[in-house]
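A.B. asks: So that you have it, the file is protein22.csv, and it contains CSV, C-alpha atoms:
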chain,number,residue,atom,x,y,z
N,1,MET,CA,-60.9,113.0,168.2
N,2,SER,CA,-63.5,115.8,168.7
N,3,THR,CA,-62.5,116.3,172.3
N,4,ASN,CA,-58.9,117.2,171.4
N,5,ALA,CA,-59.8,119.8,168.7
N,6,PRO,CA,-60.7,122.7,171.1
N,7,GLY,CA,-57.4,122.3,173.1
N,8,LYS,CA,-55.4,122.2,169.9
N,9,ALA,CA,-57.0,125.4,168.6
N,10,GLU,CA,-56.4,127.1,172.0
N,11,ASN,CA,-52.7,126.1,171.8
N,12,GLN,CA,-52.5,127.7,168.4
N,13,GLU,CA,-54.1,130.9,169.6
N,14,VAL,CA,-51.5,131.0,172.5
N,15,ASP,CA,-48.6,130.5,170.0
N,16,LEU,CA,-49.9,133.2,167.7
N,17,SER,CA,-50.3,135.6,170.6
N,18,MET,CA,-46.8,135.0,171.8
N,19,ILE,CA,-45.4,135.5,168.4
N,20,SER,CA,-47.4,138.7,168.0
N,21,LYS,CA,-46.2,139.9,171.4
N,22,GLY,CA,-42.6,139.0,170.6
N,23,ILE,CA,-42.7,141.0,167.3
N,24,GLY,CA,-44.3,143.9,169.2
N,25,ASN,CA,-41.5,143.9,171.8
N,26,PHE,CA,-38.9,143.7,169.0
N,27,PHE,CA,-40.1,146.8,167.3
N,28,GLN,CA,-40.6,148.6,170.7
N,29,ASN,CA,-37.0,147.8,171.6
N,30,ILE,CA,-35.8,149.2,168.2
N,31,GLY,CA,-37.9,152.3,168.8
N,32,THR,CA,-36.4,152.7,172.3
N,33,LEU,CA,-32.9,152.2,171.0
N,34,LEU,CA,-33.5,154.8,168.2
N,35,PHE,CA,-34.9,157.3,170.7
N,36,LYS,CA,-31.8,156.9,173.0
N,37,ALA,CA,-29.5,157.3,170.0
N,38,ILE,CA,-31.3,160.6,169.0
N,39,GLN,CA,-31.1,161.7,172.6
N,40,PHE,CA,-27.3,161.0,172.7
N,41,ILE,CA,-26.7,162.9,169.5
N,42,ILE,CA,-28.6,165.9,170.6
N,43,LYS,CA,-26.9,165.9,174.0
N,44,HIS,CA,-23.4,165.5,172.5
N,45,ILE,CA,-23.9,167.2,169.1
N,46,ILE,CA,-21.1,169.8,169.7
N,47,VAL,CA,-18.5,167.1,170.5
N,48,ILE,CA,-19.7,164.9,167.6
N,49,LEU,CA,-19.4,167.9,165.1
N,50,ILE,CA,-15.9,168.7,166.5
N,51,LEU,CA,-14.8,165.1,166.1
N,52,PHE,CA,-16.3,165.0,162.5
N,53,VAL,CA,-14.5,168.2,161.5
N,54,ILE,CA,-11.2,167.0,163.0
N,55,GLY,CA,-11.5,163.6,161.3
N,56,VAL,CA,-12.3,165.1,157.9
N,57,GLY,CA,-9.4,167.6,158.2
N,58,LEU,CA,-6.9,165.0,159.3
N,59,GLY,CA,-8.2,162.5,156.6
N,60,LEU,CA,-7.8,165.1,153.9
N,61,TYR,CA,-4.2,165.9,155.1
N,62,LEU,CA,-3.2,162.2,155.2
N,63,ASP,CA,-4.9,161.4,151.9
N,64,LYS,CA,-2.9,164.2,150.2
N,65,ASN,CA,0.4,163.6,151.8
N,66,ASN,CA,0.4,159.7,152.0
N,67,LYS,CA,-0.5,158.7,148.5
N,68,THR,CA,0.9,155.6,146.8
N,69,TYR,CA,1.3,155.1,143.1
N,70,ASP,CA,1.3,152.0,141.0
N,71,HIS,CA,3.5,151.5,137.9
N,72,GLN,CA,3.5,148.7,135.3
N,73,ILE,CA,5.9,147.6,132.6
N,74,ILE,CA,5.2,144.9,130.0
N,75,VAL,CA,8.4,143.2,129.0
N,76,GLN,CA,9.4,140.4,126.7
N,77,PRO,CA,12.3,138.2,127.9
N,78,ASN,CA,14.4,137.0,124.9
N,79,PHE,CA,16.9,134.2,124.4
N,80,GLY,CA,15.3,132.0,127.1
N,81,SER,CA,15.9,134.6,129.9
N,82,THR,CA,12.6,134.2,131.7
N,83,ASP,CA,13.9,132.4,134.8
N,84,TYR,CA,16.8,135.0,134.9
N,85,LEU,CA,14.2,137.8,134.8
N,86,TYR,CA,12.1,136.4,137.6
N,87,ALA,CA,15.3,135.8,139.7
N,88,LYS,CA,16.3,139.4,139.2
N,89,ILE,CA,12.9,140.8,140.2
N,90,ASP,CA,12.9,138.5,143.3
N,91,LEU,CA,16.3,139.9,144.3
N,92,ILE,CA,15.0,143.5,144.0
N,93,GLU,CA,11.9,142.6,146.1
N,94,SER,CA,14.1,141.1,148.8
N,95,LYS,CA,16.2,144.3,148.9
N,96,ILE,CA,13.1,146.4,149.2
N,97,LYS,CA,11.9,144.3,152.2
N,98,GLU,CA,15.3,144.6,153.8
N,99,ARG,CA,15.2,148.4,153.1
N,100,ASP,CA,18.6,148.1,151.4
N,101,THR,CA,18.5,151.5,149.8
N,102,LEU,CA,22.2,151.3,149.1
N,103,PHE,CA,21.7,148.4,146.7
N,104,LEU,CA,18.8,150.1,145.0
N,105,LYS,CA,20.7,153.3,144.6
N,106,ALA,CA,23.7,151.4,143.3
N,107,ILE,CA,21.7,150.0,140.4
N,108,GLY,CA,20.6,153.5,139.6
N,109,ILE,CA,17.1,153.8,141.1
N,110,GLN,CA,16.5,157.3,142.4
N,111,ASP,CA,14.4,158.0,145.5
N,112,ALA,CA,15.0,154.4,146.5
N,113,GLU,CA,13.4,154.9,149.9
N,114,MET,CA,10.1,155.6,148.2
N,115,LEU,CA,10.0,152.2,146.5
N,116,SER,CA,7.8,150.0,148.5
N,117,LYS,CA,7.0,146.9,146.4
N,118,ILE,CA,7.8,145.1,143.1
N,119,GLU,CA,6.5,141.9,141.6
N,120,ILE,CA,6.3,140.1,138.3
N,121,LYS,CA,3.6,137.9,136.8
N,122,PRO,CA,3.0,136.5,133.3
N,123,VAL,CA,0.5,138.1,130.8
N,124,ILE,CA,-1.6,135.0,130.3
N,125,ASP,CA,-2.1,134.5,126.6
N,126,VAL,CA,-3.0,130.9,125.9
N,127,TYR,CA,-3.7,131.4,122.2
N,128,ARG,CA,-0.2,132.9,121.5
N,129,PHE,CA,1.4,130.2,123.6
N,130,ILE,CA,-0.4,127.5,121.5
N,131,ASN,CA,0.4,129.2,118.2
N,132,THR,CA,4.1,129.4,119.0
N,133,SER,CA,4.5,125.7,118.3
N,134,GLU,CA,2.5,122.5,117.9
N,135,GLN,CA,4.5,121.0,120.8
N,136,ASN,CA,3.0,123.6,123.2
N,137,PHE,CA,-0.5,122.7,122.1
N,138,GLU,CA,0.1,119.0,122.5
N,139,LEU,CA,1.8,119.6,125.9
N,140,LEU,CA,-1.1,121.7,127.2
N,141,LYS,CA,-3.6,119.2,126.0
N,142,LEU,CA,-1.7,116.4,127.7
N,143,MET,CA,-1.5,118.3,131.0
N,144,ALA,CA,-5.1,119.3,130.9
N,145,GLU,CA,-6.3,115.6,130.8
N,146,ASP,CA,-5.5,115.1,134.5
N,147,SER,CA,-6.2,118.6,135.8
N,148,ASP,CA,-8.2,121.8,135.4
N,149,ILE,CA,-7.2,123.7,132.3
N,150,LYS,CA,-7.6,127.0,134.0
N,151,LYS,CA,-5.3,125.9,136.8
N,152,ILE,CA,-2.8,124.6,134.2
N,153,VAL,CA,-2.5,127.8,132.3
N,154,GLU,CA,-1.9,129.8,135.5
N,155,GLU,CA,0.7,127.5,137.0
N,156,LYS,CA,4.2,128.8,137.3
N,157,PRO,CA,5.9,126.2,135.0
N,158,THR,CA,3.4,127.0,132.3
N,159,SER,CA,3.1,130.7,132.8
N,160,LYS,CA,6.8,131.3,132.5
N,161,ASN,CA,6.6,130.2,128.9
N,162,TYR,CA,4.3,133.1,127.9
N,163,PRO,CA,6.1,135.7,125.8
N,164,TYR,CA,5.1,138.7,127.8
N,165,HIS,CA,5.3,139.5,131.5
N,166,LEU,CA,4.1,142.3,133.7
N,167,ILE,CA,6.4,144.0,136.1
N,168,SER,CA,4.5,146.0,138.7
N,169,PHE,CA,6.0,148.2,141.4
N,170,ARG,CA,4.7,150.8,143.9
N,171,THR,CA,6.2,154.1,145.1
N,172,LYS,CA,5.2,156.5,147.8
N,173,LYS,CA,5.3,159.5,145.4
N,174,VAL,CA,5.2,160.3,141.7
N,175,THR,CA,8.1,159.1,139.7
N,176,ASN,CA,9.2,159.1,136.0
N,177,ALA,CA,10.9,156.8,133.6
N,178,ASN,CA,14.4,158.2,134.2
N,179,LYS,CA,14.2,157.7,137.9
N,180,THR,CA,12.9,154.1,138.0
N,181,ILE,CA,12.1,152.4,134.7
N,182,ALA,CA,15.4,153.1,132.9
N,183,PRO,CA,17.7,152.0,135.8
N,184,LEU,CA,15.5,148.9,136.4
N,185,LEU,CA,15.7,147.9,132.7
N,186,ASN,CA,19.5,148.6,132.6
N,187,PHE,CA,19.9,146.3,135.6
N,188,LEU,CA,17.8,143.6,134.0
N,189,ASN,CA,19.8,143.8,130.8
N,190,ASN,CA,23.2,143.7,132.5
N,191,SER,CA,24.2,140.1,131.8
N,192,ALA,CA,27.4,139.0,130.1
N,193,PHE,CA,26.1,135.5,129.4
N,194,TYR,CA,22.8,136.6,127.7
N,195,THR,CA,24.7,139.4,125.9
N,196,LYS,CA,26.8,136.7,124.2
N,197,ILE,CA,23.6,134.6,123.5
N,198,GLN,CA,22.0,137.7,122.0
N,199,LYS,CA,24.9,138.3,119.7
N,200,GLU,CA,24.9,134.8,118.3
N,201,TYR,CA,21.1,134.7,118.0
N,202,VAL,CA,21.0,137.9,116.0
N,203,ASN,CA,23.9,136.6,113.8
N,204,ASN,CA,21.9,133.4,113.1
N,205,GLU,CA,18.8,135.4,112.2
N,206,MET,CA,20.8,137.6,109.8
N,207,VAL,CA,22.4,134.5,108.2
N,208,LYS,CA,19.0,132.9,107.8
N,209,MET,CA,17.6,136.1,106.2
N,210,LYS,CA,20.5,136.3,103.7
N,211,ALA,CA,20.0,132.6,102.8
N,212,ASN,CA,16.2,133.3,102.3
N,213,GLU,CA,17.0,136.3,100.1
N,214,LEU,CA,19.3,134.2,98.0
N,215,THR,CA,16.7,131.4,97.6
N,216,ILE,CA,14.0,133.9,96.7
N,217,ALA,CA,16.3,135.4,94.0
N,218,GLN,CA,16.9,131.9,92.6
N,219,ILE,CA,13.2,131.2,92.5
N,220,ASP,CA,12.6,134.5,90.8
N,221,GLY,CA,15.3,133.6,88.2
N,222,PHE,CA,13.7,130.2,87.7
N,223,LEU,CA,10.2,131.8,87.2
N,224,ASN,CA,11.5,134.5,84.9
N,225,SER,CA,13.0,131.8,82.6
N,226,PHE,CA,9.4,130.7,81.8
N,227,THR,CA,8.1,134.2,81.2
N,228,ASN,CA,11.0,135.4,79.0
N,229,PRO,CA,9.7,135.4,75.4
N,230,SER,CA,13.2,134.6,74.0
N,231,ASN,CA,13.4,131.4,76.0
N,232,GLN,CA,9.8,130.1,75.4
N,233,ASN,CA,10.5,128.4,72.1
N,234,ALA,CA,13.7,126.8,73.3
N,235,LYS,CA,12.1,125.5,76.5
N,236,ASN,CA,8.7,124.6,75.1
N,237,ASP,CA,9.2,120.9,75.9
N,238,LYS,CA,10.1,121.7,79.5
N,239,LEU,CA,6.9,123.7,79.9
N,240,VAL,CA,4.9,120.6,79.0
N,241,TYR,CA,7.0,118.6,81.5
N,242,TYR,CA,6.3,121.1,84.3
N,243,ASN,CA,2.7,121.4,83.5
N,244,GLU,CA,2.2,117.6,83.7
N,245,ASN,CA,4.1,117.3,87.1
N,246,SER,CA,2.9,120.8,88.3
N,247,PRO,CA,6.1,121.8,90.3
N,248,LEU,CA,5.4,125.5,89.7
N,249,ASN,CA,2.7,125.5,92.4
N,250,ASP,CA,5.3,124.2,94.9
N,251,VAL,CA,7.9,126.7,93.8
N,252,ILE,CA,5.4,129.6,94.2
N,253,GLU,CA,4.2,128.3,97.6
N,254,THR,CA,7.9,128.0,98.7
N,255,LYS,CA,8.5,131.6,97.7
N,256,ASP,CA,5.4,132.8,99.5
N,257,LYS,CA,6.5,131.0,102.7
N,258,LEU,CA,10.0,132.5,102.4
N,259,ILE,CA,8.6,136.0,102.0
N,260,LYS,CA,6.4,135.6,105.0
N,261,GLU,CA,9.3,134.2,107.0
N,262,GLN,CA,11.4,137.2,106.0
N,263,GLY,CA,8.7,139.5,107.3
N,264,ASN,CA,8.5,137.7,110.6
N,265,LEU,CA,12.3,137.7,111.0
N,266,ARG,CA,12.4,141.5,110.4
N,267,ILE,CA,9.7,142.0,113.1
N,268,ASP,CA,11.6,139.7,115.5
N,269,LEU,CA,14.8,141.7,115.0
N,270,VAL,CA,13.0,144.8,116.3
N,271,GLY,CA,12.5,143.1,119.7
N,272,LEU,CA,15.9,141.4,119.8
N,273,ASP,CA,18.0,144.5,120.6
N,274,LYS,CA,17.5,143.9,124.3
N,275,ILE,CA,17.7,140.9,126.6
N,276,ILE,CA,14.6,142.1,128.4
N,277,LYS,CA,12.7,144.2,125.9
N,278,GLU,CA,10.2,146.8,127.2
N,279,ASN,CA,7.0,146.8,125.2
N,280,SER,CA,5.0,149.4,127.1
N,281,SER,CA,4.8,151.1,130.5
N,282,THR,CA,2.2,152.9,132.6
N,283,LEU,CA,3.3,155.3,135.4
N,284,ASN,CA,1.8,157.1,138.4
N,285,THR,CA,-1.6,155.4,138.7
N,286,GLU,CA,-2.9,156.4,142.1
N,287,ASN,CA,-3.5,153.4,144.3
N,288,ASN,CA,-7.0,153.4,145.9
N,289,GLU,CA,-6.9,149.9,147.4
N,290,SER,CA,-7.8,149.3,151.0
N,291,ILE,CA,-8.0,152.6,152.9
N,292,ASN,CA,-5.8,154.6,150.5
N,293,GLY,CA,-7.6,157.9,149.6
N,294,LYS,CA,-10.5,157.1,151.9
N,295,LEU,CA,-9.2,158.4,155.2
N,296,LYS,CA,-11.3,161.6,154.9
N,297,LEU,CA,-14.4,159.3,155.2
N,298,ILE,CA,-13.0,156.7,157.6
N,299,LEU,CA,-11.5,158.9,160.3
N,300,PRO,CA,-14.6,161.0,161.1
N,301,LEU,CA,-16.7,157.8,161.5
N,302,LEU,CA,-13.9,156.1,163.5
N,303,PHE,CA,-13.5,159.1,165.9
N,304,ILE,CA,-17.3,159.2,166.5
N,305,LEU,CA,-17.5,155.5,167.0
N,306,ILE,CA,-14.6,155.6,169.5
N,307,TYR,CA,-16.4,158.4,171.4
N,308,ILE,CA,-19.7,156.5,171.5
N,309,SER,CA,-17.9,153.3,172.6
N,310,ILE,CA,-16.3,155.1,175.5
N,311,PHE,CA,-19.6,156.4,176.7
N,312,GLY,CA,-21.2,153.0,176.2
N,313,PHE,CA,-18.4,151.4,178.3
N,314,ILE,CA,-18.8,154.0,181.0
N,315,GLY,CA,-22.6,153.5,181.1
N,316,PHE,CA,-22.1,149.7,181.2
N,317,TYR,CA,-19.6,150.0,184.1
N,318,LYS,CA,-21.9,152.2,186.1
N,319,ASN,CA,-24.8,149.8,185.7
N,320,GLN,CA,-22.8,146.8,186.7
N,321,LYS,CA,-21.4,148.7,189.7
N,322,ALA,CA,-25.0,149.6,190.8
N,323,ILE,CA,-26.1,146.0,190.4
N,324,SER,CA,-23.1,144.8,192.5
N,325,LYS,CA,-24.0,147.2,195.3
N,326,GLN,CA,-27.5,146.0,195.4
Take the structure in the file and give it back as structure tokens.

C.D. replies:
Amino acid sequence: MSTNAPGKAENQEVDLSMISKGIGNFFQNIGTLLFKAIQFIIKHIIVILILFVIGVGLGLYLDKNNKTYDHQIIVQPNFGSTDYLYAKIDLIESKIKERDTLFLKAIGIQDAEMLSKIEIKPVIDVYRFINTSEQNFELLKLMAEDSDIKKIVEEKPTSKNYPYHLISFRTKKVTNANKTIAPLLNFLNNSAFYTKIQKEYVNNEMVKMKANELTIAQIDGFLNSFTNPSNQNAKNDKLVYYNENSPLNDVIETKDKLIKEQGNLRIDLVGLDKIIKENSSTLNTENNESINGKLKLILPLLFILIYISIFGFIGFYKNQKAISKQ
């Protein structure tokens, strides 16, 4: 045991010295590389500065003249027209990819050649979806038992049932509502079938509101009969009957529900004047994704990197040629 200890310690010392030497060589190589880089910059400083200035100038020009802008419209498809809406947007997107500017101009979009992209996706609002009806809540709960709830709420069959949807499109220059949004919405609302559905739906809402108003008036007349002093003595026995069976609470609750329903119906009618109702829109947000707006920084570095790469390749070629001759 004791005879092996000195050899083991000697091996450890050798390993430590090799590690120390390797670390030293590593830092020495870094220092050498840094020194060569400084030498290269000093030797080629004029060319590098020229390339930098050219890159910045060209980048500023391209950033200024090749901007793209994003635009968004939040819409509400009424009368079960969600699938119709998605099909219409897909049609426009296919025409954009085909560069069919004749079609785009035919539907009224101005500067159609500047339109580069359009898409639609739902505005995910699970709480509104659940509150719409108890069936939606039960359906969502049932579907979530066998899958991830986050995946379920984002799936296309579920997401199409959300009330609001976001239409996004991109142009190569600034636009306005008259040039793009108005023609787009006119195209989406041009449907003979859904126009008929809209008419009948609104008529049904109006009939329901009139019936509610009549019921509320009858309830008011019923309640006034108990508060009218001239009728109190004549209907004193009925007051005892109603107090014992307490139907007045039910009558008042019914009236309250009808008033709330009338308010909701009036609000609904505001959004039912269009098949695809625009709720809000945002225009001309400059797109800075990817390299958009960053060419003034990218091009100078790219030009200098290409210049360095060319010299590196020439140096590598010369070294390999010298080695092959030897």

A.B. asks: Between N:Leu258, N:Ala217, N:Leu60, N:Ile107, which has the minimum distance to N:Ala182 (counting all atoms listed in the file)?

C.D. replies: N:Ile107

A.B. asks: Figure out the distance between atom CA of N:Leu184 and atom CA of N:His71, please, to one decimal in Å.

C.D. replies: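 Atom CA of N:Leu184 lies at a distance of 12.4 Å from atom CA of N:His71.
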
A.B. asks: Hey, can you check how far atom CA of N:Gln262 sits from atom CA of N:Glu213?

C.D. replies: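 Computing it gives 8.2 Å between the two atoms.
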
A.B. asks: What's the 12 Å shell around stretch 111-114 of chain N, counting only C-alpha atoms, without same-chain residues fewer than 6 positions away, as a PyMOL selection string?

C.D. replies: chain N and resi 66-70+92+95-105+169-176+178-180+183-184

A.B. asks: Atom CA of N:Ile267 and atom CA of N:Gln76 are how many Å apart?

C.D. replies: 13.7 Å

A.B. asks: Take the point (23.5, 136.8, 126.4) in the file's coordinates, draw a sphere of radius 12 Å around it, and report as a PyMOL selection string every protein, DNA or RNA residue with an atom inside or on it, counting only C-alpha atoms.

C.D. replies: chain N and resi 77-81+84+188-202+272-276

A.B. asks: I'd like the neighbourhood of N:Ile298 as a ChimeraX atom specification, where a residue qualifies if any of its atoms comes within 12 Å (using only C-alpha atoms), though same-chain residues fewer than 2 positions away should be ignored.

C.D. replies: /N:52,54-60,62-63,290-296,300-305
